[in-house]
Each structure stands twice: as structure tokens, then as C-alpha cells.
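Structure first, commentary second.
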Amino acid sequence: MKIETQSIHAGLPAARSGEPVLSPLVPASSFYAHPDDIGFSANDLSDKAPHFYTRWSNPTAQALEARLAALDGGEAAVSFASGMSAITGLFLNRLKAGDHLVLSNVCYAGVAEFAHDSLPKLGIKVTAVDTSDPANVAAALRPETKLVHIETPANPILRLSDISNIAGVVHAAGAELSVDATMATPVATRPLELGADFVVHSLTKYACGHGDALGGAVIGKADAIADLRKTSLIHLGAALNPFAAWLILRGLETLPIRMKAHEENARAVSAFLDNHPRVKRVYWPGLRSHPQHDLAVRQMQNFSGMVSFVTDDGAALARRFADRLKTVAYAVSLGKTRSLLFYIPAEDLIASSFHLEGRDAVAYRDWTGDGTFRMSVGLENADDIIADLEVALG
Ligand SMILES: *Cc1c(COP(=O)(O)O)cnc(C)c1O
């Protein structure tokens with residue numbers, strides 16, 4: 001099946017007379033059980049076990065997991081209450097005291113903060129490097145490195161990392177690679193096919209697509225996902241609400257068609273910004289001027305709807321945008337129907353989230369100046385989005 005078909009069909013109930021032509025929303029927290037079918041401990045959980053308790057598994061979440069696994073070409077998926085719980089769950093499952101994590105030095109701020117602030121307290125060492133150059137990953141690897149985590153495109157600056165190249169380096173050292181592909185979605189990039197061991201998504205973003213549910217997922221090999229379900233879903237407990245799972249399943253049906261429209265609108269918006277006298281730099285992987293456009297062409301089948309841009313005096317312009325924008329919402333998050341824009345000052349991220357120093361801090365400022373506008377180009381008519389930006393830019 002092609003991705004447009006998978007996004008609608010994967011995870012549906014069997015086509016039998018009387019079955020719904022839609023995955024049903026099952027809000028039940030527990031299910032009838034027989035003592036012969038399942039034990040009370042998560043350690044007894046097998047793939048064949050019937051549903052028992054919604055923190056373990058749920059029919060609606062299971063349908064979503066089947067669809068996500070199909071879209072990313074993975075054996076299995078496990079869903080979580082948010083993207084953060086998916087990623088923290090993965091880290092805590094794959095890493096133990098004495099292990100070493102190599103992390104992209106630009107990534108989702110919450111992930112960077114968790115890695116820098118919480119993992120060392122558990123005896124896990126963390127090295128953050130610029131993963132846009134695979135040589136930096138190779139140089140950071142140690143015998144005790146167990147996991148390398150990258151994000152491509154990276155939030156908020158849309159820097160890319162070469163998944164297949166990094167997978168080769170990581171596997172040669174006996175470690176595993178996880179890729180946060182929230183901004184790419186499986187429509188643009190399927191990291192497992194490029195050699196990654198795990199792909200993670202914040203389902204809150206493009207997967208849901210409508211800005212009305214939080215969710216996260218990890219996709220990978222069946223045995224690793226079963227272990228993750230046990231230690232990170234059942235025991236840490238951030239289970240996806242069935243209603244959120246249902247909304248995300250519904251959102252996924254239009255993911256491929258939405259991504260085409262997001263990409264087209266981002267093409268128009270980035271071209272407009274590129275020609276605007278107040279805008280100094282525009283980053284969209286589909287622009288020839290993106291420093292990694294060649295990698296984008298190789299690795300992305302869709303350039304996504306995320307655009308970041310830099311202006312002089314971004315902090316003042318952010319206030320103007322918040323006051324004047326009408327079609328575009330001045331708000332965080334991304335990947336929904338409505339266009340969203342937010343200003344992210346460089347200093348905050350460099351110091352408190354990414355802990356960048358020396359050469360890495362300079363490289364970040366070279367990319368973003370004092371700060372970057374991160375725009376999630378929505379599905380409105382591109383002319384209306386551009387007209388709104390034009391008025392607000394003044
Ligand atoms: C939003 C986001 C996350 C965190 O997801 P939540 O669903 O908000 O917890 C992780 N990674 C990326 C790239 C994101 O954009």
C-alpha cells in the first residue's frame with residue numbers, strides 16, 4: 001500500500017459484516033479478563049494478551065499504533081500521552097547508570113533540558129554535538145555510548161542531520177540511533193528505512209494536525225517496543241487518552257494530503273519572506289539557499305510546512321506580530337491547520353536549554369542571530385497568509 005492508502009486503512013477493523021468502517025473509540029479503562037489469559041504483572045504481558053487495562057493497551061490506541069507502524073515501516077509502535085513522554089520513556093528504557101547518550105545540540109528544548117538536567121542525576125552521561133556533521137557524532141562516541149538521539153529537521157532552526165550516514169557511524173560503534181521526525185512526518189522521511197533503530201513523533205503536531213490532542217509515539221523493532229511498553233508506558237504511566245488516540249487516528253487519514261498543502265504554502269511563504277527587505281535569512285529545507293538543501297533533496301520527500309526566519313530586532317518585531325497578525329496566530333506549537341508563529345530568542349535556548357558553549361554557541365548565533373521566528377505555515381490560502389505577514393512586517 002502507498003502512504004496515502006496506509007494513512008486511511010492501516011489499523012482499521014477487519015472488513016467483516018457488522019464491523020465499523022472506522023476504528024471505534026473505546027474509552028473503557030479496564031476490560032473483562034480471564035485468569036488463564038493474563039497475569040497481574042506487566043512482566044507477564046505478551047503480544048497475544050487481550051486488553052486488560054488501558055495503561056497497558058487499549059483498542060483505540062492499538063489501532064493508532066498499527067497505523068503509525070505501517071506509516072513508518074516499523075514492526076511495532078507504542079503510543080504515549082505526549083511527545084515528551086515518548087522521548088523520556090525511550091531514554092529511560094535504553095539508558096542506565098554508566099551509559100552515555102549523544103544528543104543533537106539543537107533539538108526540542110524540553111528534550112535538551114531533560115537530558116542535561118535529569119539524566120546526569122541518574123548517572124547517565126550526556127554529550128551534545130552538532131549532528132549536522134556526522135564526523136561530530138563519530139568523535140563523540142565512547143565505548144559506553146548506548147544511544148544517539150537526533151532530530152531532523154531540528155526544532156526551531158530547521159537544521160538537518162543525515163540519518164543514513166549517522167546510522168552507519170552509530171552502528172559501527174555498537175550503539176542505537178533514535179530520530180525525532182516530528183517535523184518531517186513519515187510523509188517526508190522514514191528514518192527506520194534509512195537505518196535508525198527508533199523513530200519518535202510528537203503526535204500533537206502534524207500527525208494530529210488540528211491542534212486538539214496531545215500524543216507521542218515510538219516506532220521500532222517488535223521486541224524493543226514490547227520492552228518499552230512494559231518499562232516506560234506501563235510503569236512510568238503516561239498512557240495516551242483513548243479520545244486523543246481517536247482524534248489522532250482521524251487526523252492521520254489526511255496527513256499525506258495535508259503535508260502536500262503545507263509544503264506548497266511554505267514554498268510561497270518562504271519565497272515571500274526571502275524577498276522581504278526586513279528579513280535577513282529564511283530557512284526552509286526546500287529553498288536552494290538552505291545550507292543543507294542537497295541533503296533535504298536526498299532525505300525528504302516533502303519539505304514540510306515549517307519555516308524559520310531571522311530579522312533585525314526580532315524582539316520588537318515579535319511584539320508587533322503579536323499585536324497585528326490576524327490570519328496567523330502568534331502562538332507556540334506547530335503542524336495544525338491554522339498558521340502559527342512564535343519568536344524564540346537565541347540567548348534563552350543557548351544558556352538554559354541547549355547549554356551551548358564556545359564554537360557551538362557561535363555557530364548557533366551565526367544561524368539565528370539574536371533569535372528566530374519559527375513559523376508553522378498552515379492550510380489557509382497562501383495569499384491570505386502572506387498578506388497578513390506583509391501588513392504586520394510593515
Ligand atoms: C513538540 C515537540 C516535542 C514534544 O512533544 P509534546 O507532544 O509537546 O510533548 C518533541 N519533539 C519535537 C520536534 C516537537 O516539535
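Each chain of the C-alpha cells is named A, B, ... in the order shown, its residues numbered from 1; ligands are numbered from 1 in display order.
The residues sitting within 7 Å of ligand 1, with only C-alpha atoms and all ligand atoms considered, come out as Ser82, Gly83, Met84, Ser85, Cys107, Tyr108, Val111, Glu151, Ala154, Asn155, Asp180, Ala181, Thr182, Met183, His201, Ser202, Leu203, Thr204, Lys205, Leu214, Gly215, Gly216 and Ser333 of chain A.
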Write the residues of the selection above to a file with N, CA and C atoms, as a tab-separated table (two decimals), in the first residue's frame.
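Generated file (selection-v3.tsv):
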chain	number	residue	atom	x	y	z
A	82	SER	N	2.18	12.11	25.34
A	82	SER	CA	2.75	13.30	24.69
A	82	SER	C	4.05	12.91	24.02
A	83	GLY	N	4.56	13.80	23.19
A	83	GLY	CA	5.86	13.56	22.58
A	83	GLY	C	6.96	13.48	23.64
A	84	MET	N	6.87	14.36	24.64
A	84	MET	CA	7.88	14.34	25.72
A	84	MET	C	7.89	12.99	26.44
A	85	SER	N	6.70	12.46	26.76
A	85	SER	CA	6.70	11.19	27.49
A	85	SER	C	7.22	10.05	26.61
A	107	CYS	N	17.78	20.69	19.57
A	107	CYS	CA	16.64	19.79	19.47
A	107	CYS	C	15.50	20.40	20.29
A	108	TYR	N	14.40	19.71	20.37
A	108	TYR	CA	13.26	20.21	21.13
A	108	TYR	C	13.76	20.59	22.54
A	111	VAL	N	13.45	18.26	25.50
A	111	VAL	CA	14.31	17.07	25.43
A	111	VAL	C	15.73	17.44	25.87
A	151	GLU	N	17.42	14.94	15.74
A	151	GLU	CA	16.12	15.48	15.34
A	151	GLU	C	16.32	16.11	13.98
A	154	ALA	N	15.55	19.99	12.81
A	154	ALA	CA	15.62	20.27	14.24
A	154	ALA	C	14.83	21.53	14.59
A	155	ASN	N	14.06	21.40	15.63
A	155	ASN	CA	13.26	22.48	16.18
A	155	ASN	C	14.19	23.38	17.02
A	180	ASP	N	13.98	11.87	16.11
A	180	ASP	CA	12.73	12.60	16.30
A	180	ASP	C	12.37	13.19	14.94
A	181	ALA	N	11.33	12.64	14.34
A	181	ALA	CA	10.93	13.05	12.99
A	181	ALA	C	9.59	13.77	13.02
A	182	THR	N	9.31	14.44	14.13
A	182	THR	CA	8.04	15.17	14.29
A	182	THR	C	7.79	16.14	13.15
A	183	MET	N	8.82	16.91	12.79
A	183	MET	CA	8.62	17.95	11.78
A	183	MET	C	8.62	17.40	10.37
A	201	HIS	N	7.81	10.48	17.46
A	201	HIS	CA	7.00	11.60	16.97
A	201	HIS	C	6.26	12.24	18.13
A	202	SER	N	6.19	13.56	18.12
A	202	SER	CA	5.14	14.22	18.89
A	202	SER	C	3.92	14.17	17.98
A	203	LEU	N	2.93	13.39	18.37
A	203	LEU	CA	1.72	13.26	17.54
A	203	LEU	C	0.85	14.50	17.65
A	204	THR	N	1.17	15.34	18.65
A	204	THR	CA	0.47	16.61	18.88
A	204	THR	C	0.53	17.50	17.64
A	205	LYS	N	1.55	17.31	16.82
A	205	LYS	CA	1.84	18.24	15.74
A	205	LYS	C	1.17	17.79	14.43
A	214	LEU	N	-2.96	15.99	22.46
A	214	LEU	CA	-1.54	15.73	22.73
A	214	LEU	C	-1.29	14.24	22.55
A	215	GLY	N	-0.13	13.89	22.05
A	215	GLY	CA	0.22	12.47	21.96
A	215	GLY	C	1.66	12.31	21.51
A	216	GLY	N	2.19	11.11	21.70
A	216	GLY	CA	3.54	10.81	21.24
A	216	GLY	C	3.64	9.33	20.92
A	333	SER	N	3.58	25.80	19.31
A	333	SER	CA	3.18	24.54	18.69
A	333	SER	C	3.26	24.65	17.17
Which neighbours of A:Lys146 fall inside 8 Å, counting only C-alpha atoms, when residues of the same chain fewer than 4 positions from it are skipped, and could you give them as a ChimeraX atom specification?
/A:94-95,99-101,174-176
Just to confirm, what's the straight-line distance from atom CA of A:Ala351 to atom CA of A:Ala109 in Å (one decimal)?
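According to the coordinates, atom CA of A:Ala351 and atom CA of A:Ala109 are separated by 11.2 Å.
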Using only C-alpha atoms, which residues sit within 9 Å of A:Val377 once same-chain residues fewer than 2 positions away are excluded, as a VMD selection string?
chain A and resid 262 to 263 265 to 266 269 304 to 307 328 334 to 341 375 379 to 380 382 385
Taking only residues of stretch 71-155 of chain A that have an atom at most 9 Å from an atom of stretch 356-365 of chain A, what is each one's shortest atom pair and its distance in Å to one decimal, using only C-alpha atoms, in chain and number order, as a tab-separated table?
residue	atom	partner	partner_atom	distance
A:Asn105	CA	A:Leu356	CA	7.4
A:Val106	CA	A:Tyr364	CA	8.6
A:Ala128	CA	A:Leu356	CA	8.5
A:Val129	CA	A:Asp360	CA	8.0
A:Asp130	CA	A:Asp360	CA	7.4
Based on DSSP run over this structure's backbone, return all residues of stretch 187-311 of chain A in helix (DSSP H, G or I), as a ChimeraX atom specification.
/A:187-188,191-194,222-234,242-253,255-275,293-299
For C-alpha atoms, I'd like the residues from the last selection saved as an mmCIF file, in the first residue's frame.
data_model
loop_
_atom_site.group_PDB
_atom_site.id
_atom_site.type_symbol
_atom_site.label_atom_id
_atom_site.label_comp_id
_atom_site.auth_asym_id
_atom_site.auth_seq_id
_atom_site.Cartn_x
_atom_site.Cartn_y
_atom_site.Cartn_z
ATOM 1 C CA VAL A 187 5.398 11.613 4.518
ATOM 2 C CA ALA A 188 8.783 13.353 4.246
ATOM 3 C CA PRO A 191 14.113 7.084 9.434
ATOM 4 C CA LEU A 192 13.772 3.312 10.023
ATOM 5 C CA GLU A 193 14.255 2.710 6.300
ATOM 6 C CA LEU A 194 17.417 4.833 6.495
ATOM 7 C CA ALA A 222 8.785 -5.509 17.952
ATOM 8 C CA ASP A 223 10.883 -6.808 20.867
ATOM 9 C CA ALA A 224 12.304 -3.379 21.706
ATOM 10 C CA ILE A 225 8.851 -1.791 21.541
ATOM 11 C CA ALA A 226 7.395 -4.526 23.787
ATOM 12 C CA ASP A 227 10.114 -3.785 26.358
ATOM 13 C CA LEU A 228 9.433 -0.054 26.074
ATOM 14 C CA ARG A 229 5.721 -0.676 26.621
ATOM 15 C CA LYS A 230 6.479 -2.564 29.808
ATOM 16 C CA THR A 231 9.078 -0.298 31.423
ATOM 17 C CA SER A 232 8.127 3.109 30.087
ATOM 18 C CA LEU A 233 4.430 3.027 29.297
ATOM 19 C CA ILE A 234 3.062 0.723 31.985
ATOM 20 C CA PRO A 242 -8.282 6.981 24.032
ATOM 21 C CA PHE A 243 -10.117 10.087 22.842
ATOM 22 C CA ALA A 244 -6.809 11.722 21.916
ATOM 23 C CA ALA A 245 -5.815 8.484 20.147
ATOM 24 C CA TRP A 246 -9.073 8.604 18.196
ATOM 25 C CA LEU A 247 -8.570 12.243 17.174
ATOM 26 C CA ILE A 248 -5.004 11.474 16.052
ATOM 27 C CA LEU A 249 -6.173 8.423 14.067
ATOM 28 C CA ARG A 250 -8.656 10.661 12.325
ATOM 29 C CA GLY A 251 -6.034 13.329 11.728
ATOM 30 C CA LEU A 252 -3.662 10.781 10.181
ATOM 31 C CA GLU A 253 -6.190 9.996 7.443
ATOM 32 C CA LEU A 255 -1.694 13.528 6.745
ATOM 33 C CA PRO A 256 -0.294 12.927 3.222
ATOM 34 C CA ILE A 257 -2.700 15.347 1.595
ATOM 35 C CA ARG A 258 -2.190 17.954 4.333
ATOM 36 C CA MET A 259 1.598 17.696 4.041
ATOM 37 C CA LYS A 260 1.374 18.435 0.303
ATOM 38 C CA ALA A 261 -0.665 21.549 1.044
ATOM 39 C CA HIS A 262 1.594 22.615 3.949
ATOM 40 C CA GLU A 263 4.611 22.239 1.650
ATOM 41 C CA GLU A 264 3.035 24.296 -1.145
ATOM 42 C CA ASN A 265 2.091 27.089 1.247
ATOM 43 C CA ALA A 266 5.535 27.019 2.878
ATOM 44 C CA ARG A 267 7.108 27.344 -0.579
ATOM 45 C CA ALA A 268 5.080 30.508 -1.234
ATOM 46 C CA VAL A 269 5.626 31.968 2.252
ATOM 47 C CA SER A 270 9.367 31.299 2.252
ATOM 48 C CA ALA A 271 9.709 32.895 -1.203
ATOM 49 C CA PHE A 272 7.825 35.968 0.062
ATOM 50 C CA LEU A 273 9.990 36.215 3.190
ATOM 51 C CA ASP A 274 13.161 35.678 1.163
ATOM 52 C CA ASN A 275 12.340 38.786 -0.900
ATOM 53 C CA HIS A 293 19.369 21.836 0.579
ATOM 54 C CA ASP A 294 21.192 18.912 -1.099
ATOM 55 C CA LEU A 295 20.629 16.711 1.945
ATOM 56 C CA ALA A 296 16.998 17.851 2.072
ATOM 57 C CA VAL A 297 16.519 16.745 -1.537
ATOM 58 C CA ARG A 298 18.101 13.351 -0.773
ATOM 59 C CA GLN A 299 16.382 12.692 2.536
#
With a distance cut-off of 8 Å and only C-alpha atoms, select the neighbouring residues of stretch 51-61 of chain A, excluding the residue or stretch itself and same-chain residues fewer than 4 positions from it, and output the selection as a list in words.
Ser23, Pro24, Leu25, Val26, Ala28, Ser29, Ser30, Phe31, Tyr32, Ala33, Ile38, Ala42, Glu65, Ser79, Arg229, Lys230, Leu233, Ile234, Gly237, Ala238, Ala239, Leu240, Pro242, Ala245 and Trp246 of chain A
For the strand (DSSP E) assignment from backbone DSSP, which residues of stretch 93-195 of chain A qualify? Please present them as a compact mmCIF listing (two decimals) with all heavy atoms, in the first residue's frame.
# COMPACT_ATOMS: atom_id res chain seq x y z
N HIS A 100 26.12 6.30 28.21
CA HIS A 100 26.39 7.62 27.62
C HIS A 100 25.41 7.86 26.47
O HIS A 100 25.18 6.97 25.65
CB HIS A 100 27.85 7.62 27.11
CG HIS A 100 28.27 8.86 26.41
ND1 HIS A 100 28.83 8.86 25.15
CD2 HIS A 100 28.23 10.16 26.80
CE1 HIS A 100 29.12 10.09 24.80
NE2 HIS A 100 28.77 10.91 25.78
N LEU A 101 24.83 9.06 26.46
CA LEU A 101 23.92 9.48 25.38
C LEU A 101 24.59 10.57 24.57
O LEU A 101 25.16 11.52 25.13
CB LEU A 101 22.63 10.05 26.01
CG LEU A 101 21.68 10.81 25.07
CD1 LEU A 101 20.93 9.85 24.15
CD2 LEU A 101 20.67 11.64 25.87
N VAL A 102 24.53 10.46 23.25
CA VAL A 102 24.96 11.55 22.38
C VAL A 102 23.69 12.17 21.80
O VAL A 102 22.82 11.47 21.26
CB VAL A 102 25.89 11.06 21.24
CG1 VAL A 102 26.20 12.21 20.28
CG2 VAL A 102 27.18 10.49 21.83
N LEU A 103 23.59 13.48 21.97
CA LEU A 103 22.36 14.19 21.64
C LEU A 103 22.67 15.33 20.67
O LEU A 103 23.72 15.97 20.78
CB LEU A 103 21.83 14.78 22.96
CG LEU A 103 20.56 15.61 22.94
CD1 LEU A 103 19.36 14.69 22.68
CD2 LEU A 103 20.38 16.33 24.27
N SER A 104 21.76 15.56 19.77
CA SER A 104 21.90 16.73 18.90
C SER A 104 21.89 17.99 19.76
O SER A 104 21.03 18.13 20.63
CB SER A 104 20.73 16.76 17.91
OG SER A 104 20.75 17.98 17.20
N LYS A 125 25.65 9.84 31.35
CA LYS A 125 26.42 10.97 30.83
C LYS A 125 25.83 11.39 29.48
O LYS A 125 25.34 10.56 28.72
CB LYS A 125 27.88 10.55 30.65
CG LYS A 125 28.51 10.13 31.98
CD LYS A 125 29.99 10.47 32.00
CE LYS A 125 30.55 10.27 33.39
NZ LYS A 125 30.30 8.89 33.90
N VAL A 126 25.92 12.70 29.22
CA VAL A 126 25.32 13.25 28.01
C VAL A 126 26.34 14.13 27.30
O VAL A 126 26.96 14.98 27.93
CB VAL A 126 24.06 14.08 28.36
CG1 VAL A 126 23.45 14.69 27.10
CG2 VAL A 126 23.03 13.24 29.10
N THR A 127 26.52 13.91 26.00
CA THR A 127 27.33 14.81 25.19
C THR A 127 26.45 15.34 24.07
O THR A 127 25.83 14.57 23.35
CB THR A 127 28.53 14.07 24.55
OG1 THR A 127 29.27 13.41 25.58
CG2 THR A 127 29.44 15.03 23.81
N ALA A 128 26.39 16.67 23.96
CA ALA A 128 25.59 17.29 22.90
C ALA A 128 26.52 17.79 21.81
O ALA A 128 27.48 18.50 22.10
CB ALA A 128 24.75 18.42 23.47
N VAL A 129 26.25 17.39 20.58
CA VAL A 129 27.10 17.83 19.45
C VAL A 129 26.23 18.28 18.29
O VAL A 129 25.06 17.93 18.20
CB VAL A 129 28.05 16.71 18.96
CG1 VAL A 129 29.05 16.32 20.05
CG2 VAL A 129 27.28 15.49 18.45
N THR A 145 28.74 4.48 24.98
CA THR A 145 27.62 5.15 24.31
C THR A 145 26.59 4.11 23.90
O THR A 145 26.90 3.17 23.17
CB THR A 145 28.10 5.91 23.05
OG1 THR A 145 29.19 6.76 23.41
CG2 THR A 145 26.97 6.72 22.45
N LYS A 146 25.37 4.27 24.38
CA LYS A 146 24.30 3.32 24.06
C LYS A 146 23.30 3.88 23.07
O LYS A 146 22.69 3.13 22.32
CB LYS A 146 23.56 2.91 25.35
CG LYS A 146 24.38 2.05 26.29
CD LYS A 146 24.51 0.63 25.75
CE LYS A 146 25.75 -0.08 26.26
NZ LYS A 146 25.92 -0.04 27.70
N LEU A 147 23.12 5.20 23.12
CA LEU A 147 22.08 5.80 22.29
C LEU A 147 22.56 7.13 21.72
O LEU A 147 23.23 7.90 22.42
CB LEU A 147 20.81 6.03 23.14
CG LEU A 147 19.55 6.51 22.41
CD1 LEU A 147 19.02 5.42 21.48
CD2 LEU A 147 18.46 6.93 23.39
N VAL A 148 22.20 7.36 20.44
CA VAL A 148 22.41 8.67 19.81
C VAL A 148 21.03 9.16 19.41
O VAL A 148 20.26 8.42 18.78
CB VAL A 148 23.35 8.55 18.58
CG1 VAL A 148 23.45 9.88 17.85
CG2 VAL A 148 24.74 8.06 19.02
N HIS A 149 20.69 10.37 19.82
CA HIS A 149 19.36 10.92 19.53
C HIS A 149 19.51 12.18 18.68
O HIS A 149 20.16 13.13 19.10
CB HIS A 149 18.61 11.23 20.82
CG HIS A 149 17.24 11.79 20.60
ND1 HIS A 149 16.16 10.98 20.28
CD2 HIS A 149 16.77 13.06 20.62
CE1 HIS A 149 15.07 11.74 20.14
NE2 HIS A 149 15.42 13.00 20.33
N ILE A 150 18.89 12.15 17.51
CA ILE A 150 18.94 13.33 16.63
C ILE A 150 17.51 13.75 16.28
O ILE A 150 16.56 13.00 16.49
CB ILE A 150 19.74 13.06 15.33
CG1 ILE A 150 19.08 11.95 14.48
CG2 ILE A 150 21.18 12.69 15.67
CD1 ILE A 150 19.74 11.75 13.12
N GLU A 151 17.42 14.94 15.74
CA GLU A 151 16.12 15.48 15.34
C GLU A 151 16.32 16.11 13.98
O GLU A 151 17.22 16.94 13.82
CB GLU A 151 15.73 16.53 16.38
CG GLU A 151 14.31 16.98 16.34
CD GLU A 151 14.01 17.95 17.49
OE1 GLU A 151 14.13 17.55 18.67
OE2 GLU A 151 13.70 19.11 17.20
N GLU A 176 22.75 2.56 19.42
CA GLU A 176 21.49 2.65 18.70
C GLU A 176 21.19 4.11 18.36
O GLU A 176 21.64 5.01 19.05
CB GLU A 176 20.34 2.11 19.56
CG GLU A 176 20.42 0.61 19.79
CD GLU A 176 19.26 0.08 20.63
OE1 GLU A 176 18.90 0.74 21.63
OE2 GLU A 176 18.74 -0.99 20.29
N LEU A 177 20.40 4.29 17.30
CA LEU A 177 20.05 5.63 16.84
C LEU A 177 18.55 5.85 16.94
O LEU A 177 17.76 5.05 16.42
CB LEU A 177 20.49 5.81 15.37
CG LEU A 177 20.09 7.14 14.71
CD1 LEU A 177 20.78 8.33 15.38
CD2 LEU A 177 20.41 7.11 13.21
N SER A 178 18.15 6.93 17.63
CA SER A 178 16.75 7.33 17.59
C SER A 178 16.62 8.68 16.90
O SER A 178 17.51 9.54 17.04
CB SER A 178 16.14 7.37 18.99
OG SER A 178 16.75 8.34 19.78
N VAL A 179 15.55 8.83 16.13
CA VAL A 179 15.35 10.04 15.34
C VAL A 179 13.98 10.63 15.67
O VAL A 179 12.97 9.96 15.52
CB VAL A 179 15.42 9.73 13.82
CG1 VAL A 179 15.18 10.99 13.00
CG2 VAL A 179 16.76 9.10 13.45
N ASP A 180 13.98 11.87 16.11
CA ASP A 180 12.73 12.60 16.30
C ASP A 180 12.37 13.19 14.94
O ASP A 180 13.03 14.11 14.44
CB ASP A 180 12.92 13.70 17.35
CG ASP A 180 11.64 14.47 17.66
OD1 ASP A 180 10.72 14.49 16.80
OD2 ASP A 180 11.55 15.06 18.75
With only C-alpha atoms as the counted atoms, please give the residues lying no more than 8 Å from A:Lys280, apart from itself and same-chain residues fewer than 5 positions off, as a PyMOL selection string.
chain A and resi 274+309-312
What lies within 8 Å of A:Asp162 using only C-alpha atoms, ignoring chain neighbours under 3 positions off, as a list of chain:residue names?
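The residues that qualify are A:Ser132, A:Asp133, A:Pro134, A:Asn165, A:Ile166, A:Leu295, A:Gln299.
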Now that the selection is made, can you save its residues with N, CA, C and O atoms as a JSON list (two decimals), in the first residue's frame?
[["chain", "number", "residue", "atom", "x", "y", "z"],
["A", 132, "SER", "N", 24.64, 17.91, 12.46],
["A", 132, "SER", "CA", 24.55, 18.17, 11.02],
["A", 132, "SER", "C", 25.83, 17.69, 10.33],
["A", 132, "SER", "O", 25.84, 17.51, 9.11],
["A", 133, "ASP", "N", 26.90, 17.48, 11.11],
["A", 133, "ASP", "CA", 28.12, 16.88, 10.57],
["A", 133, "ASP", "C", 28.33, 15.51, 11.25],
["A", 133, "ASP", "O", 28.64, 15.46, 12.45],
["A", 134, "PRO", "N", 28.17, 14.41, 10.51],
["A", 134, "PRO", "CA", 28.31, 13.08, 11.12],
["A", 134, "PRO", "C", 29.67, 12.86, 11.79],
["A", 134, "PRO", "O", 29.78, 12.06, 12.72],
["A", 165, "ASN", "N", 23.83, 8.23, 7.05],
["A", 165, "ASN", "CA", 25.24, 8.38, 7.36],
["A", 165, "ASN", "C", 25.49, 8.19, 8.87],
["A", 165, "ASN", "O", 26.39, 7.44, 9.28],
["A", 166, "ILE", "N", 24.67, 8.85, 9.68],
["A", 166, "ILE", "CA", 24.84, 8.75, 11.14],
["A", 166, "ILE", "C", 24.54, 7.33, 11.62],
["A", 166, "ILE", "O", 25.23, 6.80, 12.50],
["A", 295, "LEU", "N", 21.05, 17.79, 1.05],
["A", 295, "LEU", "CA", 20.63, 16.71, 1.95],
["A", 295, "LEU", "C", 19.10, 16.65, 2.01],
["A", 295, "LEU", "O", 18.52, 15.56, 2.00],
["A", 299, "GLN", "N", 16.96, 13.35, 1.38],
["A", 299, "GLN", "CA", 16.38, 12.69, 2.54],
["A", 299, "GLN", "C", 14.89, 12.98, 2.73],
["A", 299, "GLN", "O", 14.22, 12.26, 3.45]]
